[in-house]
Structure formats: C-alpha cells, structure tokens
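Source file: data-v6.cif; contents: mmCIF, C-alpha atoms.
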data_my_file
#
loop_
_atom_site.label_atom_id
_atom_site.label_comp_id
_atom_site.auth_asym_id
_atom_site.auth_seq_id
_atom_site.Cartn_x
_atom_site.Cartn_y
_atom_site.Cartn_z
CA MET B 1 156.30 209.84 96.60
CA THR B 2 155.36 209.25 92.95
CA PHE B 3 157.53 206.79 91.05
CA ASN B 4 159.84 208.60 88.63
CA LEU B 5 160.06 206.41 85.53
CA GLY B 6 162.38 208.87 83.78
CA ARG B 7 164.99 208.69 86.55
CA TYR B 8 164.67 204.90 86.70
CA THR B 9 165.21 204.65 82.94
CA GLU B 10 168.29 206.89 83.06
CA GLN B 11 169.87 204.80 85.80
CA LEU B 12 169.08 201.50 84.11
CA ALA B 13 170.45 202.84 80.80
CA ALA B 14 173.71 203.74 82.53
CA LEU B 15 174.01 200.26 84.05
CA VAL B 16 173.15 198.45 80.81
CA ALA B 17 175.78 200.54 78.96
CA GLN B 18 178.53 199.00 81.13
CA PRO B 19 179.21 195.45 79.86
CA SER B 20 179.68 193.03 82.76
CA ILE B 21 179.40 189.57 81.23
CA SER B 22 180.56 186.64 83.32
CA SER B 23 181.18 183.33 81.65
CA ALA B 24 183.16 180.12 82.01
CA ILE B 25 184.38 180.80 78.45
CA PRO B 26 187.42 183.11 78.78
CA GLU B 27 186.72 184.99 75.53
CA TRP B 28 183.40 186.18 76.95
CA ASP B 29 184.33 186.76 80.57
CA MET B 30 184.90 190.31 81.83
CA GLY B 31 184.94 192.33 85.05
CA ASN B 32 182.12 194.18 86.79
CA GLN B 33 184.00 197.18 88.21
CA ALA B 34 182.30 199.78 85.99
CA VAL B 35 178.86 198.71 87.20
CA LEU B 36 180.00 198.83 90.82
CA ASP B 37 181.47 202.31 90.32
CA LEU B 38 178.06 203.63 89.23
CA LEU B 39 176.28 201.99 92.14
CA ALA B 40 178.92 203.25 94.57
CA GLN B 41 178.45 206.82 93.35
CA TRP B 42 174.66 206.71 93.61
CA LEU B 43 174.68 205.07 97.04
CA THR B 44 177.33 207.42 98.42
CA GLU B 45 175.09 210.32 97.37
CA ARG B 46 172.37 208.68 99.48
CA ALA B 47 174.49 208.60 102.67
CA PHE B 48 175.60 204.97 102.41
CA GLN B 49 179.03 203.78 103.51
CA VAL B 50 180.31 201.88 100.48
CA GLU B 51 182.87 199.07 100.41
CA ILE B 52 184.29 197.46 97.27
CA LEU B 53 185.49 193.94 98.10
CA PRO B 54 187.74 192.46 95.35
CA LEU B 55 187.48 188.73 94.70
CA PRO B 56 190.82 187.07 95.52
CA GLY B 57 192.77 186.07 92.43
CA GLN B 58 190.18 187.51 90.02
CA PRO B 59 191.29 190.91 88.70
CA GLY B 60 188.42 193.21 87.81
CA LYS B 61 185.90 191.19 89.84
CA ALA B 62 184.45 192.52 93.08
CA ASN B 63 181.41 192.73 95.34
CA LEU B 64 179.86 195.97 96.56
CA LEU B 65 178.55 196.31 100.09
CA ALA B 66 176.80 199.59 100.99
CA THR B 67 175.40 200.25 104.46
CA ARG B 68 173.25 202.97 105.99
CA GLY B 69 172.44 202.75 109.68
CA SER B 70 173.57 200.26 112.30
CA GLY B 71 172.14 197.71 114.69
CA PRO B 72 171.76 193.96 115.21
CA GLY B 73 168.88 193.54 112.74
CA GLY B 74 168.28 195.15 109.39
CA LEU B 75 167.61 194.30 105.78
CA VAL B 76 169.82 193.30 102.83
CA LEU B 77 168.67 194.10 99.28
CA ALA B 78 170.87 191.95 97.07
CA GLY B 79 171.44 191.58 93.35
CA HIS B 80 174.13 190.42 90.96
CA SER B 81 175.93 192.91 88.76
CA ASP B 82 176.86 190.53 85.92
CA THR B 83 174.96 189.28 82.88
CA VAL B 84 175.12 186.26 80.61
CA PRO B 85 176.66 186.47 77.11
CA TYR B 86 174.42 187.47 74.21
CA ASP B 87 173.58 186.52 70.62
CA GLU B 88 174.45 189.76 68.84
CA ASN B 89 172.80 188.91 65.53
CA ARG B 90 169.48 188.02 67.16
CA TRP B 91 168.88 191.33 68.95
CA GLN B 92 166.62 193.90 67.29
CA SER B 93 168.52 196.69 69.04
CA ASP B 94 171.94 197.26 70.61
CA PRO B 95 172.00 195.15 73.80
CA PHE B 96 174.10 197.83 75.55
CA LYS B 97 171.78 200.73 74.68
CA LEU B 98 168.53 200.69 76.62
CA SER B 99 165.54 201.16 74.34
CA GLU B 100 161.82 201.49 75.05
CA ARG B 101 159.10 199.85 72.96
CA ASN B 102 155.47 199.52 74.00
CA GLY B 103 156.10 199.96 77.71
CA LYS B 104 159.06 197.61 77.81
CA LEU B 105 162.71 198.53 78.45
CA TYR B 106 165.08 196.44 76.33
CA GLY B 107 168.73 195.79 77.12
CA LEU B 108 171.15 193.09 78.26
CA GLY B 109 170.51 192.58 81.96
CA ALA B 110 167.39 194.77 81.98
CA THR B 111 165.46 192.11 83.88
CA ASP B 112 168.27 189.76 85.01
CA MET B 113 169.04 191.71 86.96
CA LYS B 114 170.37 195.23 86.58
CA GLY B 115 166.78 196.46 86.61
CA PHE B 116 166.53 195.68 90.34
CA PHE B 117 169.07 198.32 91.39
CA PRO B 118 167.24 201.47 90.16
CA ALA B 119 164.14 200.15 91.92
CA VAL B 120 166.17 199.90 95.12
CA LEU B 121 167.42 203.45 94.66
CA ALA B 122 163.87 204.73 94.11
CA ALA B 123 162.74 203.02 97.31
CA ILE B 124 165.68 204.50 99.24
CA ASP B 125 164.81 207.99 97.97
CA ARG B 126 161.56 207.83 99.91
CA PHE B 127 163.62 207.90 103.10
CA ALA B 128 165.89 210.86 102.31
CA GLY B 129 167.05 212.39 105.57
CA VAL B 130 165.46 209.62 107.66
CA GLY B 131 167.61 207.86 110.24
CA PHE B 132 167.34 204.08 110.24
CA GLU B 133 166.94 202.24 113.54
CA GLN B 134 168.37 199.11 111.87
CA PRO B 135 170.78 198.94 108.93
CA LEU B 136 169.81 198.87 105.28
CA ILE B 137 172.46 197.07 103.25
CA VAL B 138 172.63 197.07 99.45
CA LEU B 139 174.67 194.22 98.00
CA ALA B 140 175.87 193.81 94.41
CA THR B 141 177.74 190.60 93.66
CA ALA B 142 180.02 189.34 90.89
CA ASP B 143 179.81 186.20 88.76
CA GLU B 144 176.36 184.94 89.73
CA GLU B 145 175.79 183.84 86.14
CA SER B 146 178.91 181.67 85.94
CA SER B 147 180.36 180.49 89.26
CA MET B 148 178.62 182.41 92.06
CA ASN B 149 182.11 183.18 93.32
CA GLY B 150 180.97 186.58 94.56
CA ALA B 151 178.37 185.10 96.90
CA ARG B 152 180.77 182.32 97.92
CA ALA B 153 183.42 184.88 98.88
CA LEU B 154 180.93 186.81 101.01
CA ALA B 155 179.72 183.66 102.77
CA GLU B 156 183.34 182.77 103.59
CA MET B 157 183.82 186.27 105.03
CA GLY B 158 180.64 185.98 107.08
CA ARG B 159 179.18 189.11 105.51
CA PRO B 160 176.80 190.85 105.34
CA LYS B 161 175.19 190.63 108.76
CA ALA B 162 171.50 191.41 109.04
CA ARG B 163 168.24 189.71 109.99
CA TYR B 164 166.49 189.67 106.60
CA ALA B 165 167.61 189.42 102.97
CA VAL B 166 165.82 189.95 99.64
CA ILE B 167 167.38 188.53 96.47
CA GLY B 168 165.97 190.69 93.68
CA GLU B 169 165.86 188.10 90.89
CA PRO B 170 162.96 188.54 88.43
CA THR B 171 159.91 186.80 89.93
CA GLU B 172 157.13 189.13 88.71
CA LEU B 173 156.96 190.29 92.35
CA VAL B 174 155.91 186.85 93.57
CA PRO B 175 157.79 185.96 96.79
CA ILE B 176 159.82 182.77 96.31
CA TYR B 177 160.42 180.70 99.43
CA MET B 178 162.23 177.72 97.90
CA HIS B 179 164.13 176.59 94.84
CA LYS B 180 166.05 173.57 93.69
CA GLY B 181 169.81 173.40 93.82
CA ILE B 182 172.05 172.87 90.83
CA MET B 183 175.09 170.71 90.20
CA MET B 184 177.02 170.47 86.91
CA GLU B 185 179.23 167.39 86.80
CA SER B 186 181.64 165.59 84.50
CA VAL B 187 182.58 161.92 84.08
CA ARG B 188 185.68 161.16 82.00
CA VAL B 189 186.52 157.60 81.01
CA ARG B 190 190.12 156.91 80.03
CA GLY B 191 190.29 153.70 78.03
CA ALA B 192 192.97 152.48 75.65
CA SER B 193 193.05 152.79 71.86
CA GLY B 194 193.68 150.00 69.42
CA HIS B 195 192.67 148.56 66.06
CA SER B 196 188.93 147.98 65.94
CA SER B 197 189.39 144.52 64.36
CA ASP B 198 190.55 143.14 67.73
CA PRO B 199 188.74 144.45 70.82
CA SER B 200 191.35 142.85 73.10
CA LEU B 201 193.91 145.43 71.91
CA GLY B 202 192.27 148.24 73.92
CA ILE B 203 189.56 149.29 76.32
CA ASN B 204 186.65 151.01 74.63
CA ALA B 205 185.79 154.16 76.62
CA LEU B 206 182.38 154.42 74.96
CA GLU B 207 181.43 150.96 76.17
CA VAL B 208 182.50 151.88 79.68
CA MET B 209 180.56 155.12 79.38
CA HIS B 210 177.48 153.14 78.37
CA GLU B 211 177.59 151.49 81.80
CA VAL B 212 178.31 154.82 83.49
CA VAL B 213 175.13 156.24 81.96
CA ALA B 214 173.16 153.19 83.09
CA GLU B 215 174.36 153.71 86.67
CA LEU B 216 173.45 157.41 86.61
CA LEU B 217 169.97 156.67 85.31
CA ALA B 218 169.51 154.01 87.99
CA LEU B 219 170.51 156.57 90.63
CA ARG B 220 168.09 159.08 89.15
CA HIS B 221 165.29 156.54 89.43
CA GLN B 222 166.17 155.82 93.07
CA TRP B 223 166.29 159.51 93.98
CA GLN B 224 162.99 160.21 92.25
CA GLU B 225 161.38 157.31 94.10
CA ARG B 226 162.75 158.57 97.43
CA TYR B 227 162.37 162.34 97.14
CA ARG B 228 159.28 164.29 96.13
CA ASN B 229 158.11 167.81 96.93
CA PRO B 230 154.61 168.83 95.79
CA GLY B 231 155.59 172.50 96.13
CA PHE B 232 157.41 172.29 92.79
CA LYS B 233 155.94 172.01 89.31
CA VAL B 234 158.46 169.20 88.66
CA GLN B 235 158.10 167.49 92.01
CA VAL B 236 161.18 165.24 91.83
CA PRO B 237 164.92 165.86 91.54
CA THR B 238 166.11 165.80 87.94
CA LEU B 239 169.28 164.55 86.27
CA ASN B 240 169.89 165.65 82.69
CA LEU B 241 172.49 164.02 80.41
CA GLY B 242 173.66 167.19 78.68
CA CYS B 243 176.46 166.33 76.26
CA ILE B 244 178.93 163.55 75.48
CA HIS B 245 182.15 163.48 73.47
CA GLY B 246 184.47 160.63 72.62
CA GLY B 247 186.46 158.83 69.97
CA ASP B 248 187.93 159.99 66.67
CA SER B 249 187.36 157.27 64.07
CA PRO B 250 185.01 154.32 63.44
CA ASN B 251 187.96 151.91 63.04
CA ARG B 252 189.75 152.82 66.27
CA ILE B 253 188.87 151.64 69.74
CA CYS B 254 187.72 154.75 71.57
CA ALA B 255 190.39 155.79 74.07
CA GLU B 256 188.53 158.55 75.89
CA ALA B 257 184.99 159.74 76.41
CA GLU B 258 183.51 162.51 78.55
CA LEU B 259 179.95 163.13 79.74
CA HIS B 260 178.57 166.37 81.21
CA PHE B 261 175.31 166.29 83.15
CA ASP B 262 173.36 168.40 85.62
CA LEU B 263 171.47 167.56 88.78
CA ARG B 264 168.74 169.68 90.35
CA PRO B 265 168.21 168.46 93.91
CA LEU B 266 165.25 169.28 96.12
CA PRO B 267 165.46 170.99 99.52
CA GLY B 268 166.55 168.33 102.01
CA MET B 269 169.07 166.81 99.58
CA ASP B 270 172.76 167.55 100.03
CA ASN B 271 175.04 168.11 97.03
CA ASP B 272 178.07 166.43 98.60
CA GLU B 273 176.03 163.38 99.57
CA LEU B 274 174.83 163.08 95.96
CA ARG B 275 178.40 163.24 94.70
CA HIS B 276 179.40 160.55 97.20
CA ALA B 277 176.59 158.29 95.94
CA ILE B 278 177.77 158.73 92.35
CA ASN B 279 181.35 157.90 93.30
CA GLN B 280 180.15 154.74 95.03
CA ARG B 281 178.51 153.61 91.79
CA LEU B 282 181.47 154.46 89.55
CA THR B 283 184.31 152.96 91.60
CA PRO B 284 183.32 149.30 91.00
CA LEU B 285 182.99 150.02 87.28
CA SER B 286 186.50 151.40 87.18
CA GLN B 287 187.86 148.35 88.99
CA ARG B 288 186.01 145.86 86.79
CA TRP B 289 187.11 147.48 83.53
CA GLY B 290 190.64 148.20 84.75
CA THR B 291 190.52 151.81 83.61
CA ASP B 292 190.24 155.30 85.05
CA ILE B 293 186.81 156.84 85.56
CA VAL B 294 187.31 160.42 86.70
CA PHE B 295 184.30 162.10 88.29
CA SER B 296 184.57 165.87 88.87
CA SER B 297 182.46 169.01 89.25
CA LEU B 298 182.29 171.61 86.48
CA PHE B 299 181.56 174.23 89.15
CA PRO B 300 181.01 173.98 92.92
CA GLY B 301 177.23 173.97 92.62
CA VAL B 302 174.45 175.64 94.58
CA GLU B 303 172.55 173.98 97.39
CA PRO B 304 168.74 173.86 97.39
CA PHE B 305 167.00 176.70 99.21
CA GLU B 306 163.95 176.76 101.45
CA GLN B 307 162.69 179.45 103.82
CA PRO B 308 159.73 178.42 106.01
CA PRO B 309 156.66 180.11 104.50
CA GLU B 310 155.46 181.18 107.95
CA SER B 311 158.64 183.29 108.40
CA GLU B 312 158.16 186.96 109.20
CA LEU B 313 159.87 188.05 105.98
CA ILE B 314 157.77 185.79 103.75
CA ARG B 315 154.54 186.96 105.36
CA ALA B 316 155.58 190.61 105.02
CA CYS B 317 156.28 190.09 101.31
CA GLU B 318 152.92 188.38 100.80
CA GLN B 319 151.14 191.27 102.48
CA LEU B 320 152.98 193.93 100.48
CA THR B 321 152.69 192.25 97.07
CA GLY B 322 149.31 190.54 97.41
CA HIS B 323 150.89 187.33 96.07
CA ARG B 324 151.14 183.98 97.84
CA THR B 325 154.63 182.59 98.09
CA GLU B 326 155.70 180.06 95.44
CA SER B 327 158.70 177.96 94.36
CA VAL B 328 160.93 178.05 91.28
CA ALA B 329 163.27 175.56 89.62
CA PHE B 330 166.16 177.95 88.92
CA ALA B 331 168.95 178.51 91.46
CA THR B 332 169.92 181.82 93.07
CA GLU B 333 172.34 183.24 95.63
CA ALA B 334 169.72 182.78 98.38
CA PRO B 335 171.41 179.76 100.04
CA PHE B 336 174.60 181.77 100.59
CA LEU B 337 172.83 184.61 102.40
CA GLN B 338 170.61 182.23 104.31
CA SER B 339 173.75 180.41 105.53
CA LEU B 340 174.72 183.66 107.30
CA GLY B 341 171.64 183.38 109.50
CA MET B 342 169.21 185.63 107.63
CA GLU B 343 165.60 184.98 106.73
CA THR B 344 165.77 185.08 102.94
CA VAL B 345 163.33 185.51 100.08
CA VAL B 346 163.71 185.79 96.30
CA LEU B 347 161.59 188.67 95.01
CA GLY B 348 161.99 191.20 92.22
CA PRO B 349 160.44 192.90 89.18
CA GLY B 350 160.56 191.35 85.74
CA SER B 351 160.02 187.82 84.48
CA ILE B 352 162.53 184.99 84.36
CA ASP B 353 160.94 184.12 81.00
CA GLN B 354 162.78 187.15 79.53
CA ALA B 355 166.18 186.25 80.98
CA HIS B 356 169.07 184.72 79.02
CA GLN B 357 167.59 185.41 75.59
CA PRO B 358 167.70 188.02 72.81
CA ASP B 359 165.67 191.22 73.28
CA GLU B 360 165.61 190.87 77.05
CA PHE B 361 163.24 193.41 78.59
CA ILE B 362 161.61 194.54 81.82
CA ASP B 363 157.96 195.56 81.79
CA THR B 364 157.54 199.09 83.15
CA ARG B 365 154.19 198.15 84.71
CA GLN B 366 156.08 196.16 87.34
CA LEU B 367 158.33 198.98 88.45
CA ALA B 368 156.10 201.18 90.63
CA PRO B 369 154.74 198.14 92.54
CA ALA B 370 158.31 196.91 93.01
CA VAL B 371 159.37 200.24 94.51
CA ASP B 372 156.32 200.25 96.78
CA THR B 373 157.18 196.74 97.98
CA LEU B 374 160.83 197.54 98.66
CA ALA B 375 159.92 200.76 100.46
CA GLY B 376 157.45 198.80 102.58
CA LEU B 377 160.15 196.32 103.54
CA ILE B 378 162.58 199.11 104.42
CA GLU B 379 159.97 200.80 106.58
CA ARG B 380 159.12 197.55 108.34
CA PHE B 381 162.60 196.17 108.96
CA CYS B 382 164.82 199.28 109.17
CA LEU B 383 162.58 201.84 110.88
CA SER B 384 160.59 199.86 113.41
CA GLN B 385 162.63 196.85 114.54
#

Write out the structure in this file as structure tokens.
Amino acid sequence: MTFNLGRYTEQLAALVAQPSISSAIPEWDMGNQAVLDLLAQWLTERAFQVEILPLPGQPGKANLLATRGSGPGGLVLAGHSDTVPYDENRWQSDPFKLSERNGKLYGLGATDMKGFFPAVLAAIDRFAGVGFEQPLIVLATADEESSMNGARALAEMGRPKARYAVIGEPTELVPIYMHKGIMMESVRVRGASGHSSDPSLGINALEVMHEVVAELLALRHQWQERYRNPGFKVQVPTLNLGCIHGGDSPNRICAEAELHFDLRPLPGMDNDELRHAINQRLTPLSQRWGTDIVFSSLFPGVEPFEQPPESELIRACEQLTGHRTESVAFATEAPFLQSLGMETVVLGPGSIDQAHQPDEFIDTRQLAPAVDTLAGLIERFCLSQ
C-alpha cells in the first residue's frame, strides 16, 4: 500500500490543533483528553477496543490503551500525547496550526511526538480486515514531558501486557537499545540570619552550601571513576549544578539557600542508591554545622534503560530500518514498559534535535520508511508469533 501523505498530514494537523501541554508550572499545565478523544475515534474505526484510563487525582489527565487481537504475545506501539510549553514570539507560524514548508511539517509536537501516531495508523491500515494471531496494542500516555505519571500509573497497574514494545520517540528511525536515566534533585540549607558584622549571630546557609557543592562534586568524581560505558557519547554519569538561590542582602547572614541539580546515571546504576549516597554525605555536614540540610527529589526520576542488543526485537528493528542500534542520553518511558516484562526499543520518525524548540518540525522523508518499519513489526509480531 502506498503511503498517503495527505491523510497523514490531516491527522497530524488535527492532533497538533489540540493543545496538550504538560508542565510542572501550573500556569502552563493542561489536560490531554482532546488528543485521546481523536485517537480513540480513529482506533475504534479500525476495530480496536479502546480504554481511557484516568490518572488518579489529576483531572483531565488520562492514558489511552487500544487493543486489537488477543494472545500471550503481541506488540505495543507507545507514544506520549503531551508536549512541552512553547515560546510564542519565536515561532514563525502558529504552533497549533500545522504548516508545510520545503518538505517539513511544522507544529508543536510534530516530532515530539504527535507525529508518531498517524504513522501508526497508516501502518495499521495495511492490515484492514486481517485477524491478528497476537495482540496489537496502541498506547498514548499523559505527562511524559513533566512527571511521567502516565507511564508510572500503567506500571503500577501492570499494563499493558505483551511481549514487545516500541517507544516512538524521534530517533530518525535508528533503534535505540539504551539510554541514561535522569534525576532532578534539590538541596535546601536552613541557616540562621543575623547582622553580617558578627558571624556568630547566625549560620550562613551559603557557606554551608559551599560544602554541600564540594561533597556533590566529590561524589561525581567517584562515580565517574567507577562507572563508564563506551556505548555512550558521554561515557560517564553526569551531575549538573543547575541553579542556586539564597540570601537577600549583602549585610545579612544568609538564612536559606537552595540548589537544584540533575544526575544522569548509566545503566547498572540505581537511582535510589545514588540518593542514599548523597544523604550519607550530607548528614555529617548537617550535624557539624548544627543546621537543617533537606535533600529531596524534584520529581521521582527515570531509571536508566538497556535492552540487550541481541534481543529479537532489536534485531528485527535493525533488519527493517537498515540501521545498527545505538544509545542516546535523553530519558524515555522505556524503563516503565520494560519493567512489565517486555523487550523494549525506542524507535520513531523525526529528530530529537527538533524537539523542545521553536519551529519544531518533522521531515516528511522519514514518514514512508517509518510506516514500512511499523508495518513490518506488526506483521512479524502480531501475525506470525
């Protein structure tokens, strides 16, 4: 079946027109129901049984789970339905109106990652009227860009159940078998204010924070000496000191300071163990200074991901795309689906270089090969297993 670019463009335009921003900043954050309603309609028309699974305590947020066929194996094609916020004044066109220029489709989420879903639909259309021997499951999650609460909720439910899973993040159709994890953490030092002419009148939170930073950098050095993976461009775990705030006047002893930083661990490193190591370094500082040092997570974090490259799914993706499997530094929902017992790969059209920036686009040259690849995976894992 020939790829229908016009139909793809119409479907992507409809998805882009439904704002579904997720953000830790309340003024930006919104629901994803309108996007799920469109997907539910299209998938129902294609003989899928569709479930909308609301996220507990988060009105307007939900996951979509659509299934066609049954059996103990099967394939999940998964994507997130939300986007990041946008810089309105830096876009050359309306971010919610898909536009085409020089073979590129521009719109918020066009590549990250609403553009994956019309490709999935085009692949499904090649099997109209065909009965699947194993299930095909289409998954659309909420809040991947902010908290990954959609994927977390599914993992807690133990769903979906299948043998293989494809996360359709933009990889330029290169199969991704591993990525680093991500942690975003906070350290708050609570000192005591006083007149700067007499340091004994208070406890300077900035001075305490200076030692906190020294301990974190020492830990970073230890981790980078201990852990190394040549499969990554940056072969060591990273720790970035992102921002720091504290104090209110040069002539007052600083009473409070807060540091935000991120960690990107390698496969084989455990997020909770890293947090425990940080706590072990900060507790003696707190005791010596006689002040509170509060260490907390800004969000629960994502574990590193690795799928053995000799896995059946990885090899199938290499054969279908003609690309050898690689690694990336950004985190995805792959660890959550892998935790449910599925072989998992990250693979989709578009480039991550276009994500999270003004004038986001997906290159139309990637679309027909993406549909061919997805159809090949459906044929392999839903028709012949």

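Residue nearest B:Phe96, chosen from B:Leu5, B:Cys382, B:Ala110, B:Ile124 and counting only C-alpha atoms: B:Ala110.
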
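Here atom CA of B:Tyr86 and atom CA of B:Gly107 stand 10.5 Å from one another.
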
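Residue nearest B:Ile352, chosen from B:Gln58, B:Ser193, B:Ser22, B:Thr171 and counting only C-alpha atoms: B:Thr171.
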
Practice prompt. Determine, counting all atoms listed in the file, which protein, DNA and RNA residues have an atom within 7 Å of an atom of stretch 38-50 of chain B; residues of the same chain fewer than 2 positions away are not included. Present the result as a PyMOL selection string.
Written response: chain B and resi 34-36+52+65-68

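Here the question is which of B:Ser296, B:Thr2, B:Thr364, B:Asn240 gets nearest to B:Asn279 using all atoms listed in the file, and that residue is B:Ser296.
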
Discussion item. To test your reading of the syntax: which residues would the PyMOL selection byres ((chain B and resi 223) around 12) return for the file shown? Reply as a PyMOL selection string.
Written reply: chain B and resi 216-222+224-228+235-239+263-266+268-270+273-274+277-278

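Note that the spacing between atom CA of B:Leu320 and atom CA of B:Pro349 amounts to 13.6 Å.
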
Give me the residues within 12 Å of B:Gly247 as a CSV table (one decimal) with C-alpha atoms, in the coordinates of the input, counting all atoms listed in the file and dropping any in the same chain fewer than 5 places off.
chain,number,residue,atom,x,y,z
B,189,VAL,CA,186.5,157.6,81.0
B,190,ARG,CA,190.1,156.9,80.0
B,191,GLY,CA,190.3,153.7,78.0
B,192,ALA,CA,193.0,152.5,75.6
B,193,SER,CA,193.0,152.8,71.9
B,194,GLY,CA,193.7,150.0,69.4
B,196,SER,CA,188.9,148.0,65.9
B,203,ILE,CA,189.6,149.3,76.3
B,204,ASN,CA,186.6,151.0,74.6
B,205,ALA,CA,185.8,154.2,76.6
B,206,LEU,CA,182.4,154.4,75.0
B,207,GLU,CA,181.4,151.0,76.2
B,209,MET,CA,180.6,155.1,79.4
B,252,ARG,CA,189.8,152.8,66.3
B,253,ILE,CA,188.9,151.6,69.7
B,254,CYS,CA,187.7,154.8,71.6
B,255,ALA,CA,190.4,155.8,74.1
B,256,GLU,CA,188.5,158.6,75.9
B,257,ALA,CA,185.0,159.7,76.4
B,258,GLU,CA,183.5,162.5,78.6

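Using all atoms listed in the file, the smallest distance between any of B:Ser70, B:Gln280, B:Gln287, B:Ser93 and B:Val208 comes from B:Gln287.
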
Practice prompt. Please provide the set of residues having any atom within 9 Å of stretch 335-341 of chain B, restricted to all atoms listed in the file, with same-chain residues fewer than 6 positions apart removed, written as a PyMOL selection string.
Written response: chain B and resi 151-152+154-155+158-165+167+302-307

Worksheet item: Expressed in Å to a single decimal, how great is the separation between atom CA of B:Leu15 and atom CA of B:Gly74?
Response: 26.5 Å

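For the choices B:Gly71, B:Pro118, B:Pro309, B:Gly6, the atom-to-atom distance to B:Ser327 is smallest for B:Pro309 when using all atoms listed in the file.
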
Discussion item. Give me, as a ChimeraX atom specification, all polymer residues having an atom no more than 8 Å from B:Gly348, counting all atoms listed in the file and skipping those fewer than 6 positions away in the same chain.
Written reply: /B:116,167-174,370

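When all atoms listed in the file are used to measure the gap to B:Pro300, the shortest distance among B:Leu313, B:Val84, B:Met148, B:Ala24 belongs to B:Met148.
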
What does the PyMOL selection byres ((chain B and resi 379) around 12) select in this file, as a CSV table (one decimal) with C-alpha atoms, keeping the file's coordinate frame?
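Result saved to selection33.csv:
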chain,number,residue,atom,x,y,z
B,74,GLY,CA,168.3,195.2,109.4
B,75,LEU,CA,167.6,194.3,105.8
B,123,ALA,CA,162.7,203.0,97.3
B,124,ILE,CA,165.7,204.5,99.2
B,126,ARG,CA,161.6,207.8,99.9
B,127,PHE,CA,163.6,207.9,103.1
B,130,VAL,CA,165.5,209.6,107.7
B,131,GLY,CA,167.6,207.9,110.2
B,132,PHE,CA,167.3,204.1,110.2
B,133,GLU,CA,166.9,202.2,113.5
B,134,GLN,CA,168.4,199.1,111.9
B,135,PRO,CA,170.8,198.9,108.9
B,136,LEU,CA,169.8,198.9,105.3
B,316,ALA,CA,155.6,190.6,105.0
B,320,LEU,CA,153.0,193.9,100.5
B,372,ASP,CA,156.3,200.2,96.8
B,373,THR,CA,157.2,196.7,98.0
B,374,LEU,CA,160.8,197.5,98.7
B,375,ALA,CA,159.9,200.8,100.5
B,376,GLY,CA,157.4,198.8,102.6
B,377,LEU,CA,160.2,196.3,103.5
B,378,ILE,CA,162.6,199.1,104.4
B,380,ARG,CA,159.1,197.6,108.3
B,381,PHE,CA,162.6,196.2,109.0
B,382,CYS,CA,164.8,199.3,109.2
B,383,LEU,CA,162.6,201.8,110.9
B,384,SER,CA,160.6,199.9,113.4
B,385,GLN,CA,162.6,196.8,114.5
